[in-house]
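Pasting final33.cif here (mmCIF, C-alpha atoms):
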data_input
loop_
_atom_site.label_atom_id
_atom_site.label_comp_id
_atom_site.auth_asym_id
_atom_site.auth_seq_id
_atom_site.Cartn_x
_atom_site.Cartn_y
_atom_site.Cartn_z
CA LYS L 1377 0.00 0.00 0.00
CA HIS L 1378 1.42 3.33 -0.92
CA GLU L 1379 0.84 7.00 -0.28
CA GLN L 1380 -1.60 8.76 2.01
CA VAL L 1381 -5.39 8.81 1.92
CA ILE L 1382 -7.04 12.24 1.72
CA ASP L 1383 -10.82 12.25 1.50
CA ASN L 1384 -13.97 10.81 0.00
CA LYS L 1385 -17.36 11.69 -1.32
CA ILE L 1386 -20.45 9.82 -2.41
CA GLU L 1387 -22.47 11.50 -5.09
CA GLU L 1388 -25.97 10.58 -6.12
CA SER L 1389 -28.19 11.79 -8.95
CA ALA L 1390 -31.96 11.86 -8.86
CA ILE L 1391 -34.89 12.23 -11.22
CA ASN L 1392 -38.66 12.53 -11.05
CA ASN L 1393 -40.58 9.24 -11.31
CA ARG L 1394 -42.64 10.38 -14.31
CA SER L 1395 -39.65 10.47 -16.68
CA LEU L 1396 -37.45 7.92 -14.92
CA GLN L 1397 -37.11 5.33 -17.67
CA LYS L 1398 -36.55 7.85 -20.43
CA GLU L 1399 -33.91 9.83 -18.57
CA MET L 1400 -32.11 6.70 -17.38
CA GLU L 1401 -31.69 5.53 -20.94
CA LYS L 1402 -30.49 8.96 -21.97
CA THR L 1403 -27.95 10.05 -19.38
CA GLU L 1404 -28.61 8.32 -16.02
CA MET L 1405 -28.62 11.77 -14.49
CA GLY L 1406 -31.25 13.44 -12.31
CA TYR L 1407 -33.19 16.66 -12.07
CA CYS L 1408 -34.89 18.85 -9.52
CA THR L 1409 -38.70 18.79 -9.76
CA ASN L 1410 -39.26 22.26 -8.29
CA ASP L 1411 -40.88 24.34 -11.06
CA ILE L 1412 -39.31 27.59 -9.84
CA CYS L 1413 -35.80 26.13 -9.55
CA LEU L 1414 -33.34 27.26 -12.22
CA ALA L 1415 -31.83 23.77 -12.42
CA SER L 1416 -35.31 22.37 -13.04
CA LYS L 1417 -36.17 24.98 -15.68
CA LEU L 1418 -32.91 24.36 -17.55
CA LYS L 1419 -33.14 20.59 -17.02
CA LEU L 1420 -29.71 20.53 -15.42
CA PRO L 1421 -28.62 17.38 -13.56
CA VAL L 1422 -28.63 17.54 -9.79
CA TRP L 1423 -25.80 16.01 -7.76
CA ILE L 1424 -25.99 15.44 -4.03
CA ASN L 1425 -22.80 15.07 -1.99
CA ILE L 1426 -23.42 12.72 0.95
CA GLY L 1427 -19.83 12.39 2.22
CA PHE L 1428 -18.69 9.58 4.53
CA ASN L 1429 -22.01 8.18 5.64
CA ALA L 1430 -24.51 5.34 5.57
CA ILE L 1431 -27.89 6.00 3.98
CA SER L 1432 -30.98 4.13 2.83
CA ILE L 1433 -32.91 4.70 -0.38
CA VAL L 1434 -36.59 3.72 -0.23
CA PRO L 1435 -38.81 4.21 -3.31
CA GLY L 1436 -41.32 7.02 -2.81
CA LYS L 1437 -39.99 7.93 0.65
CA THR L 1438 -36.42 9.15 0.20
CA LEU L 1439 -36.05 12.89 -0.41
CA PHE L 1440 -32.90 14.96 -0.88
CA ASP L 1441 -32.42 18.71 -0.96
CA CYS L 1442 -31.63 20.24 -4.33
CA ILE L 1443 -28.25 22.01 -4.15
CA ASN L 1444 -29.67 24.88 -6.21
CA CYS L 1445 -33.08 25.72 -4.68
CA LYS L 1446 -32.41 24.05 -1.29
CA GLU L 1447 -35.82 22.37 -1.38
CA ALA L 1448 -36.47 18.64 -0.79
CA THR L 1449 -37.47 18.10 -4.41
CA VAL L 1450 -35.02 15.36 -5.42
CA THR L 1451 -36.99 12.14 -5.19
CA ALA L 1452 -36.17 8.93 -7.06
CA ILE L 1453 -32.45 8.09 -7.05
CA VAL L 1454 -31.19 6.56 -10.29
CA LYS L 1455 -27.44 6.46 -9.88
CA ALA L 1456 -24.85 6.33 -7.09
CA LEU L 1457 -21.20 7.26 -7.48
CA PHE L 1458 -18.53 6.48 -4.89
CA TYR L 1459 -15.17 8.25 -4.78
CA ASN L 1460 -12.04 7.54 -2.74
CA SER L 1461 -13.72 5.32 -0.16
CA GLU L 1462 -14.27 1.82 1.10
CA HIS L 1463 -17.88 1.33 0.19
CA ALA L 1464 -20.69 -1.17 0.05
CA ILE L 1465 -24.13 -1.24 -1.54
CA ARG L 1466 -26.96 -3.60 -0.67
CA GLU L 1467 -30.11 -4.18 -2.73
CA ASN L 1468 -33.49 -5.14 -1.22
CA ASP L 1469 -31.95 -6.47 2.02
CA ASP L 1470 -30.11 -9.14 0.03
CA ALA L 1471 -26.43 -9.96 0.33
CA THR L 1472 -24.06 -7.09 -0.36
CA ILE L 1473 -23.85 -6.77 -4.13
CA ALA L 1474 -20.66 -4.73 -4.12
CA THR L 1475 -17.88 -4.07 -1.63
CA THR L 1476 -14.63 -2.47 -2.73
CA ASN L 1477 -12.13 0.31 -2.12
CA ALA L 1478 -11.68 1.23 -5.78
CA TYR L 1479 -11.38 5.00 -6.07
CA LYS L 1480 -14.41 5.44 -8.34
CA CYS L 1481 -17.43 3.18 -8.82
CA SER L 1482 -20.83 3.82 -10.34
CA TYR L 1483 -24.04 1.86 -9.75
CA ALA L 1484 -27.43 2.15 -11.42
CA ILE L 1485 -30.29 2.36 -8.91
CA LYS L 1486 -33.50 0.56 -9.90
CA PRO L 1487 -36.59 2.64 -9.06
CA GLU L 1488 -38.58 -0.27 -7.59
CA PHE L 1489 -35.83 -1.46 -5.21
CA SER L 1490 -34.63 -0.29 -1.82
CA TYR L 1491 -30.91 0.19 -1.19
CA GLU L 1492 -28.45 0.63 1.63
CA LEU L 1493 -25.25 2.52 0.81
CA LYS L 1494 -22.24 3.01 3.02
CA ALA L 1495 -18.91 4.78 2.55
CA ASN L 1496 -15.99 4.94 4.98
CA LYS L 1497 -12.53 6.41 4.79
CA ILE L 1498 -9.95 4.15 3.22
CA ARG L 1499 -7.92 2.39 5.88
CA GLN L 1500 -5.28 -0.26 6.38
CA HIS L 1501 -6.61 -3.69 7.34
CA ALA L 1502 -3.65 -4.79 9.43
CA THR L 1503 -4.31 -5.92 13.00
CA ASN L 1504 -1.32 -4.11 14.53
CA ILE L 1505 1.77 -2.14 13.54
CA ASP L 1506 3.96 -5.22 13.09
CA ASP L 1507 1.33 -6.72 10.81
CA LEU L 1508 1.13 -3.42 8.92
CA ILE L 1509 4.89 -3.39 8.34
CA GLU L 1510 4.88 -7.00 7.16
CA ARG L 1511 1.99 -6.44 4.74
CA SER L 1512 3.62 -3.28 3.41
CA GLU L 1513 6.94 -5.05 2.81
CA HIS L 1514 5.17 -7.80 0.87
CA ALA L 1515 3.25 -5.20 -1.14
CA VAL L 1516 6.32 -3.13 -2.03
CA ASN L 1517 8.18 -6.24 -3.21
CA SER L 1518 5.21 -7.89 -4.91
CA ILE L 1519 5.22 -9.00 -8.53
CA GLU L 1520 2.24 -6.69 -9.11
CA ILE L 1521 4.27 -3.60 -8.18
CA LYS L 1522 7.30 -4.84 -10.11
CA ASN L 1523 5.16 -5.23 -13.24
CA LEU L 1524 3.77 -1.72 -12.78
CA VAL L 1525 7.28 -0.28 -12.44
CA MET L 1526 8.40 -2.13 -15.58
CA GLU L 1527 5.47 -0.62 -17.48
CA LEU L 1528 6.40 2.88 -16.31
CA GLN L 1529 10.00 2.33 -17.37
CA LYS L 1530 8.84 1.60 -20.92
CA TYR L 1531 8.04 5.32 -21.14
CA GLU L 1532 11.57 6.22 -19.93
CA ILE L 1533 10.15 7.19 -16.55
CA THR L 1534 12.49 6.83 -13.58
CA VAL L 1535 11.05 5.06 -10.54
CA VAL L 1536 13.02 5.30 -7.30
CA LYS L 1537 12.32 2.69 -4.65
CA PRO L 1538 13.38 3.38 -1.04
CA PRO L 1539 15.97 0.92 0.31
CA SER L 1540 13.64 -0.02 3.16
CA LEU L 1541 10.40 0.88 4.86
CA LYS L 1542 10.27 3.34 7.71
CA GLY L 1543 11.60 1.89 10.95
CA ASN L 1544 9.33 1.08 13.86
CA GLU L 1545 10.40 4.09 15.93
CA THR L 1546 9.94 6.54 13.06
CA MET L 1547 6.62 5.00 12.15
CA LEU L 1548 5.32 5.05 15.73
CA THR L 1549 6.22 8.72 16.07
CA LYS L 1550 4.47 9.59 12.82
CA ILE L 1551 1.37 7.58 13.72
CA GLN L 1552 1.16 9.29 17.11
CA GLU L 1553 1.66 12.79 15.73
CA ASP L 1554 -0.15 12.64 12.39
CA TYR L 1555 -2.83 10.01 12.93
CA ILE L 1556 -3.52 10.22 16.69
CA ASP L 1557 -2.39 6.62 17.21
CA ASN L 1558 -4.66 5.30 14.43
CA PHE L 1559 -2.16 3.10 12.59
CA ASP L 1560 -4.84 2.01 10.12
CA GLN L 1561 -4.76 5.54 8.64
CA ALA L 1562 -1.02 5.44 7.87
CA PHE L 1563 -0.39 4.91 4.16
CA ASP L 1564 2.97 6.58 3.60
CA ILE L 1565 4.97 3.56 4.76
CA GLY L 1566 6.18 2.19 1.44
CA ARG L 1567 6.50 5.02 -1.04
CA PHE L 1568 7.96 5.13 -4.54
CA THR L 1569 9.19 8.32 -6.16
CA ILE L 1570 8.38 8.73 -9.85
CA LEU L 1571 10.63 11.20 -11.67
CA CYS L 1572 9.33 12.76 -14.88
CA ASP L 1573 11.51 14.93 -17.12
CA ASN L 1574 8.60 16.55 -18.93
CA LEU L 1575 4.83 16.94 -18.95
CA MET L 1576 4.34 14.07 -21.41
CA GLN L 1577 6.09 11.65 -19.07
CA LEU L 1578 3.90 12.86 -16.24
CA HIS L 1579 0.73 12.25 -18.25
CA ASN L 1580 2.01 8.80 -19.22
CA ALA L 1581 2.82 7.94 -15.59
CA VAL L 1582 -0.65 8.93 -14.40
CA ALA L 1583 -2.30 7.07 -17.28
CA VAL L 1584 -0.39 3.87 -16.48
CA MET L 1585 -1.26 4.00 -12.77
CA LYS L 1586 -4.92 4.72 -13.46
CA LYS L 1587 -4.99 1.39 -15.30
CA ALA L 1588 -3.32 -0.45 -12.44
CA GLU L 1589 -6.05 -3.11 -12.45
CA GLN L 1590 -4.31 -4.72 -15.42
CA PHE L 1591 -1.48 -5.49 -12.98
CA ASP L 1592 -3.92 -6.88 -10.37
CA LEU L 1593 -3.75 -3.66 -8.34
CA ILE L 1594 -6.57 -1.42 -7.12
CA VAL L 1595 -6.52 2.34 -7.58
CA ALA L 1596 -8.04 3.38 -4.26
CA GLU L 1597 -7.63 7.15 -4.48
CA ILE L 1598 -6.72 9.86 -6.95
CA LYS L 1599 -6.14 13.52 -6.08
CA ASP L 1600 -5.15 15.83 -8.93
CA PHE L 1601 -3.71 19.17 -7.81
CA PHE L 1602 -2.02 20.14 -11.04
CA ASP L 1603 -5.01 21.95 -12.49
CA LYS L 1604 -6.41 23.19 -9.17
CA GLN L 1605 -4.75 24.63 -6.10
CA SER L 1606 -4.00 22.45 -3.10
CA LYS L 1607 -4.13 23.60 0.52
CA THR L 1608 -0.35 23.97 0.52
CA HIS L 1609 -0.35 25.63 -2.93
CA ASP L 1610 1.90 22.81 -4.16
CA ARG L 1611 1.22 21.05 -7.45
CA PHE L 1612 1.08 17.29 -7.16
CA HIS L 1613 -0.80 14.22 -8.33
CA HIS L 1614 -1.57 11.86 -5.48
CA ILE L 1615 -2.45 8.22 -6.21
CA THR L 1616 -3.03 5.46 -3.66
CA LEU L 1617 -2.59 1.87 -4.85
CA TYR L 1618 -3.64 -1.33 -3.09
CA VAL L 1619 -2.09 -4.74 -3.61
CA PRO L 1620 -5.23 -6.80 -2.83
CA LYS L 1621 -3.54 -10.04 -1.82
CA HIS L 1622 -1.47 -8.18 0.80
CA ASP L 1623 -4.26 -5.89 2.03
#
Give the structure from the file, written as C-alpha cells.
Amino acid sequence: KHEQVIDNKIEESAINNRSLQKEMEKTEMGYCTNDICLASKLKLPVWINIGFNAISIVPGKTLFDCINCKEATVTAIVKALFYNSEHAIRENDDATIATTNAYKCSYAIKPEFSYELKANKIRQHATNIDDLIERSEHAVNSIEIKNLVMELQKYEITVVKPPSLKGNETMLTKIQEDYIDNFDQAFDIGRFTILCDNLMQLHNAVAVMKKAEQFDLIVAEIKDFFDKQSKTHDRFHHITLYVPKHD
C-alpha cells in the first residue's frame, strides 16, 4: 500500500418518477422537480454530496435537498457514485452486491428497489503495527508492483524505490503525531518516487497508474492538484494503490 489517503465523497443523482425510464436511458442523471428552480427549468442534472455516511434509499420515501433551490425536491435516485472510499451497496436487504475500495465506482439504482449505501474512509486492514509493516513489505516487493514499475520504465520514466520501509520508531512517532495513534490511517509507509523529465512523461505515468487493475492492483484514491490549487499551494498528483492479496 502506498501513499496517504485524503478524502472521499459519495455522489448521487436523482430524477422525477414520471420520466425515470426515459432519462435513465439517456444520461442516467437526475433533475430537480421544483418548477421555480433554475436547475429544473434548464433541465440541469442535480448532484448530491453525501460524504462519509450510511444512507438508505426507499422508493417514494427518500427525499434529498436540491443544491440549487435548497428544497427537498429530489426524489427517485437513479445512480450512485462512490469516490475515494471503502464502500458497500446492498439491494433489497439481500447480500451485499458490491464491496470495494476502488477509487471510483458507479451503480445504477432501480426505481422499484430499496438500497443501503455506506462509505468509509480508506484504511489499512492490518491488526497491529507489526502486521502493517509485514503487509507493506510484501506489497512493495510484490510482482504486481514490479510489473507496474516495468510498465512505467517503458516510457523512460524513472522510478526510485526506497531501500527499506520506515523503521518502527519513526513509524510510531508519525502515527502518534499525524494520525492520533490510528495506525490504520497510515499509508505513507512504502512510497515510490516517480521522476518525470517533462509533462508528457507525467501524463504517461498517471495514465499507467490509473490502469493499475491490469497489474492486479486497485486504484483506491486519486487527487489531482495540477489543475487546481492544493491547501499547501503545491502542485502534485496523489495516487493510492492497493495490492489486494497483501491488504
Return the single residue from L:Leu1439, L:Asn1460, L:Asn1468, L:Thr1409 that is closest to Ile1598 of chain L, with distances computed using only C-alpha atoms.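 Counting only C-alpha atoms, the residue closest to Ile1598 of chain L is L:Asn1460.
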Residues in the PyMOL selection byres ((chain L and resi 1464) around 9), expressed as JSON, numbers by chain: {"L": [1462, 1463, 1465, 1466, 1472, 1473, 1474, 1475, 1476, 1477, 1492, 1493, 1494, 1495]}
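Take the candidates L:Asn1425, L:Thr1449, L:Gln1529, L:Ser1512 and check each one against Val1584 of chain L using all atoms listed in the file; the shortest distance goes to L:Gln1529.
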For a quick check of understanding, using all atoms listed in the file, which of L:Ile1505, L:Cys1572, L:Leu1418, L:Ile1615 has the smallest distance to Ala1588 of chain L? L:Ile1615
For atom CA of Gly1436 of chain L and atom CA of Thr1451 of chain L, quote the distance in Å rounded to one decimal.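 Computed distance, atom CA of Gly1436 of chain L to atom CA of Thr1451 of chain L, equals 7.1 Å.
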Evaluate the PyMOL selection byres ((chain L and resi 1522) around 12) against this structure - the residues, as a list in words, please.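 This file, filtered by the PyMOL selection byres ((chain L and resi 1522) around 12), leaves His1514, Ala1515, Val1516, Asn1517, Ser1518, Ile1519, Glu1520, Ile1521, Asn1523, Leu1524, Val1525, Met1526, Glu1527, Leu1528, Gln1529, Val1535, Val1536, Lys1537, Phe1568, Ala1588, Phe1591, Asp1592, Leu1593 and Val1619 of chain L.
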How far is it from atom CA of Val1595 of chain L to atom CA of His1501 of chain L, in Å with one decimal?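 Atom-to-atom, atom CA of Val1595 of chain L to atom CA of His1501 of chain L, that is 16.1 Å.
Of the listed residues (L:Leu1578, L:Ile1594, L:Ile1565, L:Ile1431), L:Ile1565 comes nearest to Arg1511 of chain L; the distances count only C-alpha atoms.
Neighbours of His1613 of chain L closer than or equal to 7 Å, with all atoms listed in the file counted and sequence neighbours fewer than 3 positions away skipped, come out as Lys1599, Asp1600, Phe1601 and Phe1602 of chain L.
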